[in-house]
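What follows is a set of notes on a single structure, which appears directly below.
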Amino acid sequence: MAENRFLFEITTPFRKVYSGEATSVIAPGFEGYFGVLARHAPMVASIRIGEIKVKTDSEELYFATSGGFAEVLPDRVTILAESAEAANEIDVQRAEAAKERALKRLAEGKKVWDVDRAQAALARALNRLKVASRVGS
Ligand code: ATP
């Protein structure tokens with residue numbers, strides 16, 4: 001592998017979402033987005049709801065994730081995520097429905113719904129809609 005590239009993988013408990021060579025990755029860490037290039041010092045970071053941006057030699061790819069962990073090694077970066085979808089895999093109608101459901105629950109309030117859970121569902125849905133809008137960009 002060329003010096004400026006590394007193996008990048010996104011996996012969930014259910015499937016391998018992506019595996020390929022990358023030149024850079026930007027991921028949503030708890031203290032903000034962080035970037036990784038080849039030969040990065042080893043580290044483990046928590047990932048939260050957000051967008052993963054991957055550059056390869058020929059393209060830029062976008063993924064939505066609901067959070068998890070990133071293991072960074074000099075020649076390999078692995079994200080183990082609770083869920084992750086490539087921008088073109090996102091079902092926009094489903095995310096719109098999840099958004100409306102969460103907004104309705106937040107409006108009805110904490111006497112009826114678990115508000116923290118509804119907030120998290122809303123954040124996942126809004127993130128999916130944002131990442132889906134990257135398709136073709
Ligand atoms: P929903 O209420 O629509 O299920 P959710 O945010 O609760 O949304 P998750 O629990 O985060 O869903 O994900 C469950 C599974 O469904 C994961 O495998 C995730 O990749 C997939 N998924 C969820 N929403 C979408 C979507 N809009 N498009 C494609 N896959 C999705």
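Letters A, B, ... mark the chains of the structure tokens in the order given; residue numbers begin at 1 per chain; ligand numbers begin at 1, in order shown.
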Shell of 8 Å around segment 121-135 of chain A, only C-alpha atoms, local chain residues under 6 positions omitted, as a PyMOL selection string:
chain A and resi 49-51+62-66+87-88+90+92+95-96+98-99+102-103
If you run DSSP over the backbone, which residues in chain A end up alpha helix (DSSP H)? Put them as a short mmCIF file (atom, residue, chain, number, x, y, z; two decimals) with N, CA and C atoms, in the first residue's frame.
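File written: result-v3.cif
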data_model
loop_
_atom_site.label_atom_id
_atom_site.label_comp_id
_atom_site.auth_asym_id
_atom_site.auth_seq_id
_atom_site.Cartn_x
_atom_site.Cartn_y
_atom_site.Cartn_z
N VAL A 92 -34.64 7.79 2.38
CA VAL A 92 -35.01 9.14 2.81
C VAL A 92 -36.42 9.17 3.40
N GLN A 93 -37.33 8.42 2.78
CA GLN A 93 -38.72 8.39 3.29
C GLN A 93 -38.75 7.85 4.72
N ARG A 94 -37.96 6.82 4.95
CA ARG A 94 -37.91 6.23 6.29
C ARG A 94 -37.35 7.24 7.30
N ALA A 95 -36.30 7.97 6.90
CA ALA A 95 -35.71 8.96 7.80
C ALA A 95 -36.69 10.11 8.04
N GLU A 96 -37.43 10.51 7.00
CA GLU A 96 -38.44 11.58 7.17
C GLU A 96 -39.52 11.12 8.16
N ALA A 97 -39.93 9.86 8.03
CA ALA A 97 -40.96 9.33 8.94
C ALA A 97 -40.43 9.28 10.37
N ALA A 98 -39.16 8.88 10.52
CA ALA A 98 -38.55 8.82 11.86
C ALA A 98 -38.47 10.23 12.46
N LYS A 99 -38.14 11.20 11.60
CA LYS A 99 -38.05 12.59 12.07
C LYS A 99 -39.43 13.08 12.55
N GLU A 100 -40.46 12.85 11.74
CA GLU A 100 -41.80 13.31 12.12
C GLU A 100 -42.27 12.63 13.40
N ARG A 101 -41.99 11.34 13.51
CA ARG A 101 -42.39 10.59 14.71
C ARG A 101 -41.71 11.18 15.95
N ALA A 102 -40.42 11.46 15.81
CA ALA A 102 -39.67 12.00 16.96
C ALA A 102 -40.16 13.40 17.32
N LEU A 103 -40.43 14.23 16.29
CA LEU A 103 -40.92 15.59 16.57
C LEU A 103 -42.28 15.54 17.28
N LYS A 104 -43.14 14.61 16.85
CA LYS A 104 -44.46 14.48 17.46
C LYS A 104 -44.31 14.07 18.93
N ARG A 105 -43.39 13.14 19.17
CA ARG A 105 -43.19 12.67 20.54
C ARG A 105 -42.63 13.80 21.42
N LEU A 106 -41.72 14.57 20.85
CA LEU A 106 -41.14 15.69 21.62
C LEU A 106 -42.22 16.73 21.92
N ALA A 107 -43.14 16.94 20.96
CA ALA A 107 -44.22 17.91 21.18
C ALA A 107 -45.18 17.40 22.25
N GLU A 108 -45.44 16.09 22.26
CA GLU A 108 -46.36 15.53 23.26
C GLU A 108 -45.72 15.50 24.65
N VAL A 115 -38.25 11.40 26.54
CA VAL A 115 -37.80 12.53 25.73
C VAL A 115 -36.36 12.35 25.25
N ASP A 116 -35.50 11.79 26.09
CA ASP A 116 -34.10 11.57 25.67
C ASP A 116 -34.04 10.65 24.45
N ARG A 117 -34.88 9.63 24.50
CA ARG A 117 -34.90 8.67 23.39
C ARG A 117 -35.42 9.34 22.11
N ALA A 118 -36.45 10.16 22.27
CA ALA A 118 -36.99 10.87 21.10
C ALA A 118 -35.95 11.86 20.54
N GLN A 119 -35.22 12.52 21.43
CA GLN A 119 -34.16 13.45 20.97
C GLN A 119 -33.11 12.70 20.16
N ALA A 120 -32.72 11.52 20.66
CA ALA A 120 -31.70 10.73 19.97
C ALA A 120 -32.22 10.25 18.61
N ALA A 121 -33.49 9.83 18.58
CA ALA A 121 -34.09 9.38 17.31
C ALA A 121 -34.13 10.54 16.31
N LEU A 122 -34.47 11.74 16.83
CA LEU A 122 -34.51 12.91 15.95
C LEU A 122 -33.11 13.21 15.40
N ALA A 123 -32.10 13.13 16.26
CA ALA A 123 -30.73 13.41 15.82
C ALA A 123 -30.29 12.39 14.75
N ARG A 124 -30.64 11.13 14.92
CA ARG A 124 -30.28 10.11 13.91
C ARG A 124 -30.98 10.41 12.58
N ALA A 125 -32.26 10.77 12.68
CA ALA A 125 -33.03 11.02 11.45
C ALA A 125 -32.48 12.26 10.72
N LEU A 126 -32.24 13.33 11.45
CA LEU A 126 -31.72 14.56 10.81
C LEU A 126 -30.35 14.30 10.19
N ASN A 127 -29.54 13.51 10.88
CA ASN A 127 -28.22 13.19 10.34
C ASN A 127 -28.34 12.38 9.05
N ARG A 128 -29.25 11.40 9.03
CA ARG A 128 -29.44 10.60 7.81
C ARG A 128 -29.90 11.49 6.66
N LEU A 129 -30.80 12.42 6.95
CA LEU A 129 -31.28 13.30 5.88
C LEU A 129 -30.15 14.17 5.35
N LYS A 130 -29.31 14.65 6.25
CA LYS A 130 -28.18 15.48 5.82
C LYS A 130 -27.22 14.66 4.94
N VAL A 131 -26.89 13.46 5.41
CA VAL A 131 -25.92 12.64 4.65
C VAL A 131 -26.51 12.20 3.31
N ALA A 132 -27.81 11.88 3.31
CA ALA A 132 -28.46 11.46 2.05
C ALA A 132 -28.39 12.58 1.02
#
So that I can check the surroundings of segment 10-21 of chain A, please list as a list in words every protein, DNA and RNA residue that reaches within 8 Å of it, counting only C-alpha atoms and ignoring chain neighbours fewer than 5 positions away.
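The contact residues come out as Arg5, Thr56, Thr78, Ile79, Leu80, Ala81, Glu82, Ser83, Ala84, Glu85 and Ala86 of chain A.
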Can you check which residues of chain A DSSP gives as strand (DSSP E) on the backbone and send them as an MDAnalysis selection string?
chainID A and resid 6:11 16:22 24:29 32:37 43:47 50:55 60:65 68:73 76:81 84:86
Compare A:Arg48, A:Glu60, A:Lys53, A:Glu71 by their minimum atom-to-atom distance to ligand 1, counting only C-alpha atoms and all ligand atoms, and give me the closest one.
A:Arg48
Within 9 Å of segment 41-45 of chain A, counting only C-alpha atoms, which residues qualify if same-chain residues fewer than 6 places away don't, as a PyMOL selection string?
chain A and resi 29-30+68-74
Using only C-alpha atoms and all ligand atoms: which of A:Leu61, A:Gly67, A:Arg39, A:Pro28 has the shortest distance to ligand 1
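Closest residue, counting only C-alpha atoms and all ligand atoms: A:Gly67.
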Return the single residue from A:Asp91, A:Glu31, A:Phe6, A:Val112 that is closest to Asp57 of chain A, with distances computed using only C-alpha atoms.
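Looking only at the distances to Asp57 of chain A, the closest residue turns out to be A:Phe6.
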Looking at only C-alpha atoms and all ligand atoms, which of A:Ile47, A:Ser58, A:Gly35, A:Glu89 is the one that sits closest to ligand 1?
A:Glu89
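The coordinates place atom CA of Ser46 of chain A at 20.4 Å from atom 22 (N, counted along the ligand's line) of ligand 1.
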Would you work out the distance separating atom 20 (O, counted along the ligand's line) of ligand 1 from atom CA of Val25 of chain A, expressed in Å to one decimal?
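Taking atom 20 (O, counted along the ligand's line) of ligand 1 and atom CA of Val25 of chain A, their separation equals 19.8 Å.
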Separation of atom 22 (N, counted along the ligand's line) of ligand 1 and atom CA of Arg76 of chain A, in Å?
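Calculated distance between atom 22 (N, counted along the ligand's line) of ligand 1 and atom CA of Arg76 of chain A is 26.1 Å.
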